[in-house]
file protein38.tsv (TSV, C-alpha atoms and all ligand atoms)
chain	number	residue	atom	x	y	z
A	1	MET	CA	92.72	67.48	107.99
A	2	SER	CA	92.76	64.40	105.76
A	3	TYR	CA	92.24	64.75	102.03
A	4	SER	CA	89.15	62.58	102.37
A	5	LEU	CA	87.55	65.02	104.84
A	6	LEU	CA	88.66	67.94	102.69
A	7	LYS	CA	86.89	66.38	99.72
A	8	ASP	CA	83.67	66.22	101.74
A	9	LYS	CA	84.02	69.93	102.54
A	10	VAL	CA	84.67	70.81	98.91
A	11	VAL	CA	81.49	68.95	97.92
A	12	VAL	CA	79.48	70.86	100.54
A	13	ILE	CA	80.75	74.18	99.16
A	14	LEU	CA	80.03	73.24	95.55
A	15	ASN	CA	76.51	72.01	96.37
A	16	ASN	CA	75.52	75.17	98.26
A	17	SER	CA	72.94	76.80	96.02
A	18	ASP	CA	73.12	80.07	98.02
A	19	HIS	CA	76.53	80.84	96.48
A	20	THR	CA	77.54	82.02	93.02
A	21	PRO	CA	80.22	80.01	91.19
A	22	ASP	CA	82.78	82.76	91.96
A	23	LYS	CA	81.94	82.64	95.66
A	24	LYS	CA	82.32	78.86	95.63
A	25	LEU	CA	85.79	79.19	94.10
A	26	THR	CA	86.77	81.73	96.76
A	27	LEU	CA	85.55	79.43	99.53
A	28	ILE	CA	87.53	76.52	98.09
A	29	CYS	CA	90.71	78.65	97.97
A	30	GLU	CA	90.16	79.68	101.59
A	31	LEU	CA	89.41	76.11	102.71
A	32	LEU	CA	92.51	74.64	101.08
A	33	LYS	CA	94.83	77.39	102.32
A	34	GLN	CA	93.48	77.07	105.85
A	35	GLU	CA	93.45	73.28	106.10
A	36	VAL	CA	96.63	72.21	104.34
A	37	ASP	CA	99.75	73.38	106.16
A	38	HIS	CA	101.94	73.53	103.07
A	39	TYR	CA	99.42	75.53	100.98
A	40	ASP	CA	100.34	79.20	101.53
A	41	TRP	CA	98.64	80.73	98.50
A	42	VAL	CA	95.78	79.17	96.52
A	43	GLY	CA	94.24	80.69	93.41
A	44	PHE	CA	92.28	79.95	90.25
A	45	TYR	CA	93.33	81.47	86.93
A	46	PHE	CA	91.13	81.25	83.83
A	47	ALA	CA	92.19	81.51	80.20
A	48	ASN	CA	91.26	84.14	77.65
A	49	GLU	CA	91.90	82.18	74.45
A	50	GLU	CA	91.59	85.22	72.19
A	51	LYS	CA	94.22	87.22	74.09
A	52	GLN	CA	96.27	84.13	75.04
A	53	THR	CA	96.36	85.23	78.67
A	54	LEU	CA	95.46	83.80	82.07
A	55	HIS	CA	93.42	85.93	84.47
A	56	LEU	CA	93.33	85.51	88.24
A	57	LYS	CA	89.70	85.04	89.27
A	58	THR	CA	89.95	84.28	92.96
A	59	PHE	CA	92.59	83.50	95.57
A	60	ALA	CA	93.43	83.09	99.26
A	61	GLY	CA	96.71	84.46	100.57
A	62	LYS	CA	98.69	87.60	99.87
A	63	ALA	CA	97.59	89.80	96.97
A	64	THR	CA	99.74	89.32	93.87
A	65	ASP	CA	100.72	91.72	91.06
A	66	HIS	CA	100.47	88.81	88.63
A	67	THR	CA	96.77	88.89	87.93
A	68	VAL	CA	97.30	88.53	84.16
A	69	ILE	CA	99.86	86.04	82.84
A	70	PRO	CA	100.59	85.50	79.11
A	71	PHE	CA	100.40	81.90	77.86
A	72	GLY	CA	103.91	80.41	77.99
A	73	LYS	CA	105.18	82.69	80.78
A	74	GLY	CA	105.92	81.33	84.23
A	75	ILE	CA	104.74	78.01	85.59
A	76	CYS	CA	101.10	79.00	85.06
A	77	GLY	CA	101.61	80.13	81.48
A	78	GLN	CA	103.44	76.92	80.64
A	79	VAL	CA	100.53	74.82	81.95
A	80	ALA	CA	98.14	76.86	79.79
A	81	VAL	CA	99.95	75.45	76.73
A	82	SER	CA	101.15	72.04	77.96
A	83	ASN	CA	97.78	70.92	79.41
A	84	SER	CA	99.81	68.97	82.00
A	85	ASN	CA	100.24	69.10	85.74
A	86	PHE	CA	103.40	70.99	86.76
A	87	VAL	CA	104.94	70.26	90.16
A	88	VAL	CA	107.88	72.50	91.07
A	89	PRO	CA	109.70	71.22	94.18
A	90	ASP	CA	112.12	74.19	94.15
A	91	VAL	CA	111.21	77.38	92.30
A	92	LYS	CA	114.88	78.48	92.28
A	93	ALA	CA	115.60	75.64	89.86
A	94	GLN	CA	113.16	77.06	87.26
A	95	ASP	CA	114.21	79.56	84.58
A	96	ASN	CA	110.69	80.30	83.36
A	97	TYR	CA	109.19	81.25	86.70
A	98	ILE	CA	107.32	84.38	87.85
A	99	ALA	CA	108.03	85.18	91.51
A	100	CYS	CA	105.02	86.41	93.47
A	101	SER	CA	106.75	86.59	96.86
A	102	ILE	CA	110.26	85.97	98.13
A	103	ASP	CA	108.78	83.55	100.68
A	104	VAL	CA	107.62	81.07	98.03
A	105	ARG	CA	109.84	77.97	97.68
A	106	SER	CA	107.68	75.61	95.62
A	107	GLU	CA	104.56	75.53	93.47
A	108	ILE	CA	102.00	73.18	91.95
A	109	VAL	CA	99.76	74.04	89.01
A	110	ILE	CA	97.00	71.68	87.81
A	111	PRO	CA	95.02	72.44	84.63
A	112	LEU	CA	91.24	72.63	84.82
A	113	PHE	CA	89.42	70.95	81.94
A	114	LYS	CA	85.83	71.63	80.91
A	115	ASN	CA	84.56	69.21	78.27
A	116	GLY	CA	88.15	68.32	77.42
A	117	THR	CA	89.34	71.92	77.01
A	118	ASN	CA	91.95	73.46	79.29
A	119	ILE	CA	90.06	76.53	80.53
A	120	GLY	CA	92.16	77.45	83.56
A	121	GLN	CA	94.06	76.08	86.49
A	122	ILE	CA	94.47	75.89	90.22
A	123	ASP	CA	97.79	77.34	91.35
A	124	ILE	CA	99.26	76.70	94.80
A	125	ASP	CA	102.39	78.26	96.25
A	126	SER	CA	104.18	76.88	99.28
A	127	ASN	CA	106.74	78.45	101.55
A	128	SER	CA	108.20	74.96	102.11
A	129	LEU	CA	110.72	73.20	99.92
A	130	ASP	CA	109.49	70.11	98.03
A	131	PRO	CA	106.23	69.62	99.99
A	132	PHE	CA	103.94	68.32	97.22
A	133	SER	CA	103.19	64.58	97.01
A	134	GLN	CA	101.36	62.40	94.52
A	135	GLU	CA	98.44	62.69	96.94
A	136	ASP	CA	98.36	66.48	96.52
A	137	GLU	CA	98.42	66.10	92.77
A	138	GLU	CA	95.57	63.57	92.75
A	139	PHE	CA	93.54	65.61	95.22
A	140	LEU	CA	93.88	68.80	93.15
A	141	VAL	CA	92.98	66.98	89.91
A	142	TRP	CA	89.85	65.80	91.72
A	143	VAL	CA	89.08	69.36	92.95
A	144	ASN	CA	89.33	70.71	89.41
A	145	GLU	CA	87.02	67.96	88.10
A	146	GLN	CA	84.39	68.93	90.68
A	147	VAL	CA	84.83	72.64	89.96
A	148	ALA	CA	84.42	72.05	86.20
A	149	ASP	CA	80.94	70.65	86.89
A	150	ILE	CA	79.69	73.97	88.28
A	151	LEU	CA	81.20	76.21	85.58
B	1	LIG	N1	104.55	81.70	90.17
B	1	LIG	C1	103.58	81.73	89.10
B	1	LIG	C2	102.92	83.07	89.00
B	1	LIG	C3	101.67	83.18	89.78
B	1	LIG	S1	101.92	83.36	91.43
B	1	LIG	O1	102.45	82.07	91.95
B	1	LIG	C4	100.53	83.72	92.22
B	1	LIG	C5	104.23	81.37	87.78
B	1	LIG	O2	105.44	81.21	87.70
B	1	LIG	O3	103.49	81.23	86.81
call {"tool": "encode", "arguments": {"input": "protein38.tsv", "output": "structure tokens", "more": "lines below"}}
Ligand code: SME
result
Amino acid sequence: MSYSLLKDKVVVILNNSDHTPDKKLTLICELLKQEVDHYDWVGFYFANEEKQTLHLKTFAGKATDHTVIPFGKGICGQVAVSNSNFVVPDVKAQDNYIACSIDVRSEIVIPLFKNGTNIGQIDIDSNSLDPFSQEDEEFLVWVNEQVADIL
């Protein structure tokens, strides 16, 4: 499915007043995992500023042990402090990386800003090597902007 069609589907999910915000996030994870071949795990983590930790709120894909990640640890924890997109074409080339599954080859993490504050992130793992394009990055920035509006 094209990213343009996917955007339409994301908007439909977010505008559905029958669903809670958490349910909407779950449906977005499921949609992205199902429709994009190179997305094998999709999740949203949110920050606890007091504890300086990220907490997994919702995901599609295999269950992970890493439901709480300290700021600074792994790709996710680094994005919590850098406020920048992090595209990892090959996870084996990263020292500060938390492995969730031996199948994962690459990862993309995009921060989610609400009123200018980095409150969480979308995290996507892929079982393919170097699959993420500029188009993925722009699409996921857009997804997070839409999600921020319902939080
Ligand atoms: N690989 C991530 C940990 C989260 S899992 O991908 C679900 C990291 O290095 O932060």
call {"tool": "residues_around", "arguments": {"input": "protein38.tsv", "residues": "stretch 58-69 of chain A", "least_positions_apart": "4", "cutoff": "10 Å", "atoms": "only C-alpha atoms", "output": "VMD selection string"}}
result
chain A and resid 22 to 34 39 to 48 52 to 54 73 to 77 80 98 to 101 122 to 125
call {"tool": "closest_residue", "arguments": {"input": "protein38.tsv", "among": "A:Glu107, A:Glu145, A:Asp130, A:Glu138", "to": "ligand LIG 1 (chain B)", "atoms": "only C-alpha atoms and all ligand atoms"}}
result
A:Glu107
call {"tool": "residues_near_point", "arguments": {"input": "protein38.tsv", "point": "(82.3, 74.3, 85.2)", "cutoff": "10 Å", "atoms": "all atoms listed in the file", "output": "PyMOL selection string"}}
result
chain A and resi 21+112-115+119+144-151
call {"tool": "axis_aligned_box", "arguments": {"input": "protein38.tsv", "around": "ligand LIG 1 (chain B)", "padding_each_side": "3 Å", "output": "AutoDock Vina command-line options"}}
result
--center_x 103.0 --center_y 82.5 --center_z 89.5 --size_x 10.9 --size_y 8.5 --size_z 11.4
call {"tool": "closest_residue", "arguments": {"input": "protein38.tsv", "among": "A:Asn118, A:Gln134, A:Gly72, A:Pro111", "to": "A:Asn96", "atoms": "all atoms listed in the file"}}
result
A:Gly72
call {"tool": "atom_distance", "arguments": {"input": "protein38.tsv", "atom1": "atom CA of A:Ile13", "atom2": "atom CA of A:Lys57"}}
result
17.2 Å
call {"tool": "closest_residue", "arguments": {"input": "protein38.tsv", "among": "A:Leu56, A:Val141, A:Leu5, A:Val10", "to": "A:Phe86", "atoms": "all atoms listed in the file"}}
result
A:Val141
call {"tool": "decode", "arguments": {"input": "protein38.tsv", "residues": "stretch 3-24 of chain A", "atoms": "N, CA, C and O atoms", "output": "PDB file, in the first residue's frame"}}
result
ATOM      1  N   TYR A   3       2.158   5.107   0.740  1.00  0.00           N
ATOM      2  CA  TYR A   3       2.148   5.899   1.973  1.00  0.00           C
ATOM      3  C   TYR A   3       0.970   6.873   1.966  1.00  0.00           C
ATOM      4  O   TYR A   3       0.428   7.191   3.027  1.00  0.00           O
ATOM      5  N   SER A   4       0.568   7.312   0.789  1.00  0.00           N
ATOM      6  CA  SER A   4      -0.562   8.224   0.697  1.00  0.00           C
ATOM      7  C   SER A   4      -1.859   7.532   1.158  1.00  0.00           C
ATOM      8  O   SER A   4      -2.641   8.087   1.941  1.00  0.00           O
ATOM      9  N   LEU A   5      -2.071   6.297   0.712  1.00  0.00           N
ATOM     10  CA  LEU A   5      -3.256   5.543   1.158  1.00  0.00           C
ATOM     11  C   LEU A   5      -3.172   5.224   2.647  1.00  0.00           C
ATOM     12  O   LEU A   5      -4.168   5.256   3.364  1.00  0.00           O
ATOM     13  N   LEU A   6      -1.944   4.909   3.091  1.00  0.00           N
ATOM     14  CA  LEU A   6      -1.769   4.617   4.517  1.00  0.00           C
ATOM     15  C   LEU A   6      -2.123   5.827   5.367  1.00  0.00           C
ATOM     16  O   LEU A   6      -2.734   5.693   6.434  1.00  0.00           O
ATOM     17  N   LYS A   7      -1.748   7.004   4.881  1.00  0.00           N
ATOM     18  CA  LYS A   7      -2.080   8.236   5.617  1.00  0.00           C
ATOM     19  C   LYS A   7      -3.592   8.377   5.762  1.00  0.00           C
ATOM     20  O   LYS A   7      -4.091   8.724   6.834  1.00  0.00           O
ATOM     21  N   ASP A   8      -4.309   8.088   4.676  1.00  0.00           N
ATOM     22  CA  ASP A   8      -5.780   8.161   4.744  1.00  0.00           C
ATOM     23  C   ASP A   8      -6.311   7.225   5.826  1.00  0.00           C
ATOM     24  O   ASP A   8      -7.222   7.560   6.572  1.00  0.00           O
ATOM     25  N   LYS A   9      -5.724   6.026   5.906  1.00  0.00           N
ATOM     26  CA  LYS A   9      -6.202   5.048   6.896  1.00  0.00           C
ATOM     27  C   LYS A   9      -5.862   5.486   8.319  1.00  0.00           C
ATOM     28  O   LYS A   9      -6.644   5.242   9.251  1.00  0.00           O
ATOM     29  N   VAL A  10      -4.709   6.100   8.475  1.00  0.00           N
ATOM     30  CA  VAL A  10      -4.330   6.611   9.798  1.00  0.00           C
ATOM     31  C   VAL A  10      -5.333   7.688  10.244  1.00  0.00           C
ATOM     32  O   VAL A  10      -5.793   7.695  11.396  1.00  0.00           O
ATOM     33  N   VAL A  11      -5.708   8.561   9.308  1.00  0.00           N
ATOM     34  CA  VAL A  11      -6.656   9.636   9.634  1.00  0.00           C
ATOM     35  C   VAL A  11      -8.006   9.042  10.049  1.00  0.00           C
ATOM     36  O   VAL A  11      -8.630   9.493  11.020  1.00  0.00           O
ATOM     37  N   VAL A  12      -8.444   8.003   9.336  1.00  0.00           N
ATOM     38  CA  VAL A  12      -9.724   7.360   9.679  1.00  0.00           C
ATOM     39  C   VAL A  12      -9.663   6.810  11.111  1.00  0.00           C
ATOM     40  O   VAL A  12     -10.593   6.996  11.906  1.00  0.00           O
ATOM     41  N   ILE A  13      -8.562   6.151  11.449  1.00  0.00           N
ATOM     42  CA  ILE A  13      -8.418   5.597  12.811  1.00  0.00           C
ATOM     43  C   ILE A  13      -8.471   6.723  13.845  1.00  0.00           C
ATOM     44  O   ILE A  13      -9.191   6.644  14.845  1.00  0.00           O
ATOM     45  N   LEU A  14      -7.712   7.780  13.594  1.00  0.00           N
ATOM     46  CA  LEU A  14      -7.604   8.845  14.600  1.00  0.00           C
ATOM     47  C   LEU A  14      -8.910   9.617  14.757  1.00  0.00           C
ATOM     48  O   LEU A  14      -9.189  10.162  15.833  1.00  0.00           O
ATOM     49  N   ASN A  15      -9.732   9.643  13.699  1.00  0.00           N
ATOM     50  CA  ASN A  15     -11.000  10.382  13.772  1.00  0.00           C
ATOM     51  C   ASN A  15     -12.156   9.542  14.309  1.00  0.00           C
ATOM     52  O   ASN A  15     -13.262  10.059  14.464  1.00  0.00           O
ATOM     53  N   ASN A  16     -11.909   8.271  14.581  1.00  0.00           N
ATOM     54  CA  ASN A  16     -12.997   7.398  15.037  1.00  0.00           C
ATOM     55  C   ASN A  16     -13.289   7.643  16.517  1.00  0.00           C
ATOM     56  O   ASN A  16     -12.521   7.242  17.396  1.00  0.00           O
ATOM     57  N   SER A  17     -14.409   8.297  16.778  1.00  0.00           N
ATOM     58  CA  SER A  17     -14.708   8.697  18.157  1.00  0.00           C
ATOM     59  C   SER A  17     -15.151   7.519  19.031  1.00  0.00           C
ATOM     60  O   SER A  17     -15.331   7.669  20.236  1.00  0.00           O
ATOM     61  N   ASP A  18     -15.324   6.328  18.431  1.00  0.00           N
ATOM     62  CA  ASP A  18     -15.683   5.148  19.231  1.00  0.00           C
ATOM     63  C   ASP A  18     -14.477   4.610  20.008  1.00  0.00           C
ATOM     64  O   ASP A  18     -14.642   3.821  20.938  1.00  0.00           O
ATOM     65  N   HIS A  19     -13.270   5.003  19.606  1.00  0.00           N
ATOM     66  CA  HIS A  19     -12.067   4.425  20.203  1.00  0.00           C
ATOM     67  C   HIS A  19     -11.381   5.370  21.183  1.00  0.00           C
ATOM     68  O   HIS A  19     -11.355   6.584  20.959  1.00  0.00           O
ATOM     69  N   THR A  20     -10.798   4.775  22.229  1.00  0.00           N
ATOM     70  CA  THR A  20      -9.962   5.546  23.159  1.00  0.00           C
ATOM     71  C   THR A  20      -8.642   5.871  22.461  1.00  0.00           C
ATOM     72  O   THR A  20      -8.265   5.209  21.480  1.00  0.00           O
ATOM     73  N   PRO A  21      -7.893   6.851  22.982  1.00  0.00           N
ATOM     74  CA  PRO A  21      -6.575   7.133  22.404  1.00  0.00           C
ATOM     75  C   PRO A  21      -5.669   5.894  22.389  1.00  0.00           C
ATOM     76  O   PRO A  21      -4.985   5.643  21.387  1.00  0.00           O
ATOM     77  N   ASP A  22      -5.695   5.079  23.454  1.00  0.00           N
ATOM     78  CA  ASP A  22      -4.845   3.878  23.479  1.00  0.00           C
ATOM     79  C   ASP A  22      -5.223   2.901  22.365  1.00  0.00           C
ATOM     80  O   ASP A  22      -4.360   2.309  21.717  1.00  0.00           O
ATOM     81  N   LYS A  23      -6.525   2.742  22.168  1.00  0.00           N
ATOM     82  CA  LYS A  23      -7.000   1.832  21.116  1.00  0.00           C
ATOM     83  C   LYS A  23      -6.560   2.338  19.739  1.00  0.00           C
ATOM     84  O   LYS A  23      -6.150   1.557  18.865  1.00  0.00           O
ATOM     85  N   LYS A  24      -6.627   3.651  19.566  1.00  0.00           N
ATOM     86  CA  LYS A  24      -6.197   4.232  18.282  1.00  0.00           C
ATOM     87  C   LYS A  24      -4.722   3.943  18.036  1.00  0.00           C
ATOM     88  O   LYS A  24      -4.319   3.605  16.913  1.00  0.00           O
TER      89      LYS A  24
END
